[in-house]
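First comes the structure, then the notes that go with it.
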Amino acid sequence: MSFQRFIRNEVLPLGWCPGCGLHSLFFATCEVLDELGQNNTVVVSGIGCTARGAGFFNLDSVHGIHGRAIPLAVGVKAVNPELNVLVFSGEGDLTGIGGNHLLHAARRDDNVVVVCNNNEVFAMTGGQTSPTTRIGGKTLTAPSGNVMQPINIQGIITSNKRFFYARSSPVFKDHLKECLKQAFEYDGFAFIEIVFPCIENYSKKMDQSLACVMKDLKGKYKICNENRMLNDDEIGIFRSE
Amino acid sequence: MKKLLSGNEAIVEGALVAGLGFFSAYPITPASDIMQGIVKKQEKVRFIQAEDEIAAVNMCVGASLAGAKVMTATSGPGFSLKQETIGLAFKLPTPLVIVNSQRVGPSTGMPTLGSQGDILQSKSGSHGDYVNIVLYPNSVEECFRYTIEALNAAEESLSPVILLSDGMLSHTYETVDLDSVKYSIKNRMRKPLGEEKRHFTGLLSKNDRPQTKDSQVYRDWYNERKKEVLDVANRYNFYEYMENKKADTLLIAFGYTSRVILPLKNKYSIFRPIRMFPVIKELKEIAKKYSKIIVVEMNDGQYRHELEAFLKRDIYSVTQLGGKISLKEIEDELSKIYSE
């Protein structure tokens, strides 16, 4: 259990809601860090439930301001390229308020790993519509169901010449770990989208319990082993080389 | 060796001497030529042209935590966008220098005539309570010198420092001998990001655990942080006082304006703050000697407003708005004050 050395004891017990996918995401990340022996990793985050994760790791970490995790991470990497720089934030932070940074870091192929926890809402603020809320998804700001198209993150990332895009979920732990490993070893901008809808401030509004959410995720997603654009019901890795 | 340099070019020279390690910015007149100057020095400074103003300053924060001395340069519209990150740098804490070459606002205003409209914003533009050091040179040589001091003060206080300029000063060319300027260089004691297992956060923390609702922890943290910055500020006590024994009026001006009113020193005493904030304490004693105090500034009385609170007395204001400054106009305004 040497992965536990990557967990900061002071943050226990953890503050996320029971059943939230973030627990599994962060524990899986610790396991990968341990397996790869990446002690010189710096975690950078923005604002939101996921972004609190920076303080979870027993590593040098920076918890910055809303939407600006990517440029902060790029600054760290620019000064010390030896460091593995890992960004954790939610889709509201990375594709909403920080969308411009995502666009340009992907274009510049900045050598950082970005893990985006896509829970389909602004969870920490109570559950407002986010850029990835599905059509029909009920939120505080779309109580009758969202009518706008969700953002196509895969499309944005893979529109560049060089790219690394992975989609996974904590309910597929081995797959998630494989995505993290490949991302850590990738030389360039690596983006991982983690799919796990918010339980407390989203799924419950649609009468879905934790068990329903996990069952849906297990049932909906198939693992794609080919290197190509992923369909909406697939998890996998699509990279340019 | 003597050189012909602009204010902005001297800022680049000063930053290099001080050991700048990282620079990021977004194009904006009248500050862009600082970035263009840095581009030619990439063997010494890691440079990234950022996708926007907010990215530029956040890249600087990351680079600063990673151990580099950092600086960004902008003008009013960009300075507004960077405000949230000033609070972050104060909270984390980490050294950060932002150059603001002021132009006429609000909004796009009169691009890109010089102005002094961002005085208050340079002190408290970010949300919440914080204190920061603001320096404002008035010559090309001073642009060099006070860029070094700004980077030093940032290192010593582990805090954001604002270096003000204005459109006029940024593009004023003067012959300067930078070798004759005396300075020392301050370096950071804190280890850069690596394997130290520290958590830098904008959240209030208690015993390394983010703890957001304990007022006493906040008060203790804030008082200590404020004291750290003010203690450092005391060592950067820069001002110029030109006393005229016959004068009963003290004129206060800074940046380019202080140069324009220089011929008035035969009639008035002149005080020029170089460290704009925290306000120079010596001004309290100096002010007592004068029956009238008049602040001359290219804004609608921003520093006057601050000094009224600081000195607890009425202060007159001569304002030069709309990007135009004229000694004749200033003299006319001064005579109006006397004929009141």
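Within each chain, counting starts at residue 1; across the structure tokens, chains are named A, B, ... in the order shown, with ligands numbered 1 upward in that order.
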
Distance table requested - chain A against chain B, cut-off 8 Å, only C-alpha atoms: one row per qualifying residue with the closest atom pair and its distance in Å to one decimal, ordered by chain and rising residue number, as CSV.
residue,atom,partner,partner_atom,distance
A:Glu10,CA,B:Arg209,CA,5.7
A:Val11,CA,B:Arg209,CA,5.5
A:Asn39,CA,B:Glu195,CA,6.9
A:Asn40,CA,B:Glu195,CA,5.6
A:Thr41,CA,B:Gly194,CA,7.4
A:Val42,CA,B:Gly194,CA,7.0
A:Ala54,CA,B:His199,CA,7.6
A:Gly55,CA,B:His199,CA,6.0
A:Asn58,CA,B:Lys197,CA,5.4
A:Leu59,CA,B:Lys197,CA,4.0
A:Asp60,CA,B:Lys197,CA,4.2
A:Ser61,CA,B:His199,CA,4.8
A:Val62,CA,B:Phe200,CA,4.7
A:His63,CA,B:Thr201,CA,4.5
A:Gly64,CA,B:Gly202,CA,6.0
A:Ile65,CA,B:Leu88,CA,7.1
A:Arg68,CA,B:Asn58,CA,6.6
A:Pro71,CA,B:Met59,CA,4.9
A:Leu72,CA,B:Gly62,CA,4.4
A:Ala73,CA,B:Gly62,CA,6.0
A:Val74,CA,B:Met59,CA,6.1
A:Gly75,CA,B:Met59,CA,4.1
A:Val76,CA,B:Gly62,CA,4.5
A:Lys77,CA,B:Ala63,CA,7.6
A:Ala78,CA,B:Ala63,CA,6.9
A:Val79,CA,B:Ala63,CA,5.7
A:Asn80,CA,B:Ala66,CA,6.6
A:Leu83,CA,B:Gly194,CA,7.1
A:Asn100,CA,B:Glu51,CA,7.5
A:His101,CA,B:Ala55,CA,7.0
A:His104,CA,B:Glu51,CA,6.6

(request) Pick out the residues sitting within 9 Å of region 276-286 of chain B, and hand them over as a ChimeraX atom specification; count only C-alpha atoms, and ignore anything fewer than 6 positions along from it in its own chain. (result) /B:119,122-123,131-136,230,233-234,237-239,241,250,254,303,306-307,310-311

Any chance you can output those residues with N, CA and C atoms as a compact mmCIF listing (two decimals), in the first residue's frame?
# COMPACT_ATOMS: atom_id res chain seq x y z
N ILE B 119 -4.34 54.70 -10.11
CA ILE B 119 -3.67 54.80 -8.81
C ILE B 119 -4.40 53.97 -7.76
N SER B 122 -4.25 50.23 -8.32
CA SER B 122 -2.97 49.60 -8.03
C SER B 122 -2.86 49.25 -6.55
N LYS B 123 -3.68 49.88 -5.74
CA LYS B 123 -3.63 49.64 -4.30
C LYS B 123 -4.67 48.60 -3.86
N VAL B 131 -2.50 44.17 1.39
CA VAL B 131 -1.64 45.35 1.23
C VAL B 131 -0.57 45.00 0.21
N ASN B 132 -0.21 45.96 -0.62
CA ASN B 132 0.91 45.72 -1.53
C ASN B 132 1.71 46.98 -1.75
N ILE B 133 2.93 46.77 -2.20
CA ILE B 133 3.85 47.88 -2.43
C ILE B 133 3.67 48.36 -3.87
N VAL B 134 3.57 49.68 -4.04
CA VAL B 134 3.41 50.27 -5.38
C VAL B 134 4.51 51.31 -5.57
N LEU B 135 5.33 51.13 -6.60
CA LEU B 135 6.40 52.09 -6.88
C LEU B 135 6.09 52.81 -8.20
N TYR B 136 6.51 54.09 -8.27
CA TYR B 136 6.21 54.89 -9.48
C TYR B 136 7.40 55.80 -9.78
N LEU B 230 4.27 45.22 5.31
CA LEU B 230 4.56 46.58 5.77
C LEU B 230 6.00 46.71 6.27
N ALA B 233 8.03 47.02 3.25
CA ALA B 233 7.77 48.33 2.63
C ALA B 233 8.60 49.42 3.30
N ASN B 234 8.77 49.32 4.62
CA ASN B 234 9.57 50.33 5.34
C ASN B 234 11.00 50.42 4.84
N ASN B 237 11.53 52.94 1.31
CA ASN B 237 10.88 54.19 1.66
C ASN B 237 11.30 55.30 0.70
N PHE B 238 10.88 55.20 -0.54
CA PHE B 238 11.41 56.10 -1.56
C PHE B 238 10.50 57.30 -1.81
N TYR B 239 11.10 58.51 -1.68
CA TYR B 239 10.36 59.72 -2.03
C TYR B 239 11.36 60.83 -2.28
N TYR B 241 11.70 65.10 -1.74
CA TYR B 241 11.08 66.28 -1.12
C TYR B 241 11.94 67.49 -1.47
N LEU B 250 2.36 73.08 -0.40
CA LEU B 250 3.10 71.89 -0.82
C LEU B 250 2.37 71.27 -2.02
N PHE B 254 3.55 62.91 -8.97
CA PHE B 254 4.31 61.66 -9.15
C PHE B 254 4.32 61.30 -10.62
N TYR B 303 -5.27 60.19 -5.87
CA TYR B 303 -4.28 60.21 -4.78
C TYR B 303 -4.66 61.25 -3.73
N GLU B 306 -6.82 59.57 -1.30
CA GLU B 306 -6.05 58.74 -0.37
C GLU B 306 -5.36 59.59 0.69
N LEU B 307 -4.79 60.73 0.23
CA LEU B 307 -4.02 61.55 1.17
C LEU B 307 -4.93 62.28 2.15
N PHE B 310 -5.34 59.90 4.75
CA PHE B 310 -4.07 59.66 5.44
C PHE B 310 -3.70 60.83 6.36
N LEU B 311 -3.87 62.04 5.83
CA LEU B 311 -3.46 63.24 6.60
C LEU B 311 -4.61 63.84 7.41

(request) May I have all residues of region 69-209 of chain A that DSSP, computed from the backbone, assigns to alpha helix (DSSP H), given as a PyMOL selection string? (result) chain A and resi 69-79+91+99-108+153-158+173-185

(request) Find the residues near region 196-203 of chain A: any atom within 8 Å, counting only C-alpha atoms, skip ones fewer than 4 places away on the same chain, and give them as a VMD selection string. (result) chain A and resid 17 19 to 21 117 to 121 123 126 to 127 138 to 139 169 to 170 207 to 210 213 217

Generate the output file for the selected residues, C-alpha atoms, as an mmCIF file, in the first residue's frame.
data_model
loop_
_atom_site.group_PDB
_atom_site.id
_atom_site.type_symbol
_atom_site.label_atom_id
_atom_site.label_comp_id
_atom_site.auth_asym_id
_atom_site.auth_seq_id
_atom_site.Cartn_x
_atom_site.Cartn_y
_atom_site.Cartn_z
ATOM 1 C CA CYS A 17 -19.746 13.787 -0.678
ATOM 2 C CA GLY A 19 -20.158 8.163 -3.264
ATOM 3 C CA CYS A 20 -18.479 10.907 -5.310
ATOM 4 C CA GLY A 21 -16.231 9.568 -8.062
ATOM 5 C CA ASN A 117 -13.456 15.652 -13.864
ATOM 6 C CA ASN A 118 -16.625 16.011 -15.886
ATOM 7 C CA ASN A 119 -19.577 15.797 -13.483
ATOM 8 C CA GLU A 120 -21.953 17.783 -15.752
ATOM 9 C CA VAL A 121 -22.701 20.580 -13.264
ATOM 10 C CA ALA A 123 -21.369 21.099 -8.178
ATOM 11 C CA GLY A 126 -25.170 23.827 -5.769
ATOM 12 C CA GLY A 127 -25.655 22.388 -9.246
ATOM 13 C CA LYS A 138 -31.965 19.112 -14.775
ATOM 14 C CA THR A 139 -30.013 21.765 -12.924
ATOM 15 C CA SER A 169 -14.368 6.837 -15.496
ATOM 16 C CA PRO A 170 -13.629 5.726 -11.936
ATOM 17 C CA ASP A 207 -34.104 10.678 -9.175
ATOM 18 C CA GLN A 208 -30.903 8.774 -9.756
ATOM 19 C CA SER A 209 -29.146 7.220 -6.794
ATOM 20 C CA LEU A 210 -25.433 6.484 -6.654
ATOM 21 C CA VAL A 213 -25.329 6.322 -11.753
ATOM 22 C CA LEU A 217 -21.882 4.257 -16.434
#

(request) Skip Ser45 (chain A) itself and residues of its chain fewer than 5 positions away, then list as a PyMOL selection string all residues within 6 Å of it, counting only C-alpha atoms. (result) chain A and resi 51+54+63+69+87-89

File of the preceding selection, C-alpha atoms, as a PDB file, in the first residue's frame:
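Okay, this is what ended up in out-v9.pdb:
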ATOM      1  CA  ALA A  51      -9.836  21.408  -7.561  1.00  0.00           C
ATOM      2  CA  ALA A  54      -4.603  19.596  -4.983  1.00  0.00           C
ATOM      3  CA  HIS A  63      -4.603  25.583  -5.528  1.00  0.00           C
ATOM      4  CA  ALA A  69      -4.966  26.193 -13.352  1.00  0.00           C
ATOM      5  CA  VAL A  87      -3.617  19.663 -13.393  1.00  0.00           C
ATOM      6  CA  PHE A  88      -6.820  18.547 -11.685  1.00  0.00           C
ATOM      7  CA  SER A  89     -10.003  20.540 -12.161  1.00  0.00           C
TER       8      SER A  89
END

(request) Give the strand (DSSP E or B) residues of region 76-277 of chain B, as assigned by DSSP on the backbone, as a VMD selection string. (result) chain B and resid 96 to 103 114 133 to 135 160 to 166 173 to 177 199 to 201 205 to 206 209 to 210 239 to 242 249 to 252 269 to 273 275 to 277

(message) What does the structure give for the distance between CA of Leu94 (chain A) and CA of Ile157 (chain A), in Å to one decimal?
(response) 12.4 Å

May I have the residues within 8 Å of Ala28 (chain A) as a PDB file with N, CA and C atoms, in the first residue's frame, using only C-alpha atoms and disregarding those fewer than 6 positions away in the same chain?
ATOM      1  N   LYS A 173     -11.720   1.175 -13.210  1.00  0.00           N
ATOM      2  CA  LYS A 173     -10.488   1.595 -12.555  1.00  0.00           C
ATOM      3  C   LYS A 173      -9.225   1.222 -13.335  1.00  0.00           C
ATOM      4  N   LEU A 176      -8.911   3.497 -16.228  1.00  0.00           N
ATOM      5  CA  LEU A 176      -8.547   4.837 -15.763  1.00  0.00           C
ATOM      6  C   LEU A 176      -7.052   4.909 -15.481  1.00  0.00           C
ATOM      7  N   LYS A 177      -6.539   3.885 -14.813  1.00  0.00           N
ATOM      8  CA  LYS A 177      -5.106   3.891 -14.484  1.00  0.00           C
ATOM      9  C   LYS A 177      -4.246   3.824 -15.744  1.00  0.00           C
TER      10      LYS A 177
END

(message) Show me, as a PyMOL selection string, the residues that have an atom within 6 Å of Ala166 (chain A) when counting only C-alpha atoms, minus same-chain residues fewer than 6 positions from it.
(response) chain A and resi 192+236-237

(message) For Thr319 (chain B), find every residue with an atom within 9 Å (counting only C-alpha atoms), except residues of its own chain fewer than 5 positions away, and show them as a PyMOL selection string.
(response) chain B and resi 295-301+330+333

Go ahead and save the picked residues with C-alpha atoms, as a compact mmCIF listing (two decimals), in the first residue's frame.
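Saved file again.txt follows:
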# COMPACT_ATOMS: atom_id res chain seq x y z
CA VAL B 295 -2.11 67.19 -5.47
CA VAL B 296 -1.50 67.52 -9.21
CA GLU B 297 -2.41 64.32 -11.02
CA MET B 298 -3.72 63.02 -14.36
CA ASN B 299 -6.93 61.60 -12.89
CA ASP B 300 -9.98 62.85 -11.05
CA GLY B 301 -8.29 63.20 -7.67
CA ILE B 330 -1.81 73.67 -14.08
CA GLU B 333 -5.77 76.01 -11.88

(message) I'd like to know which of B:Lys336, B:Arg190, B:Arg272, B:Lys245 is closest to Ser258 (chain B), using only C-alpha atoms.
(response)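 Ranked by minimum distance to Ser258 (chain B), first place goes to B:Arg272.
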
(message) So the first atom is CA of Tyr165 (chain A) and the second is CA of His66 (chain A); what is the distance between them in Å, to one decimal place?
(response) 22.7 Å

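Atom to atom, CA of Pro30 (chain B) and CA of Ser170 (chain B) stand 7.0 Å apart.
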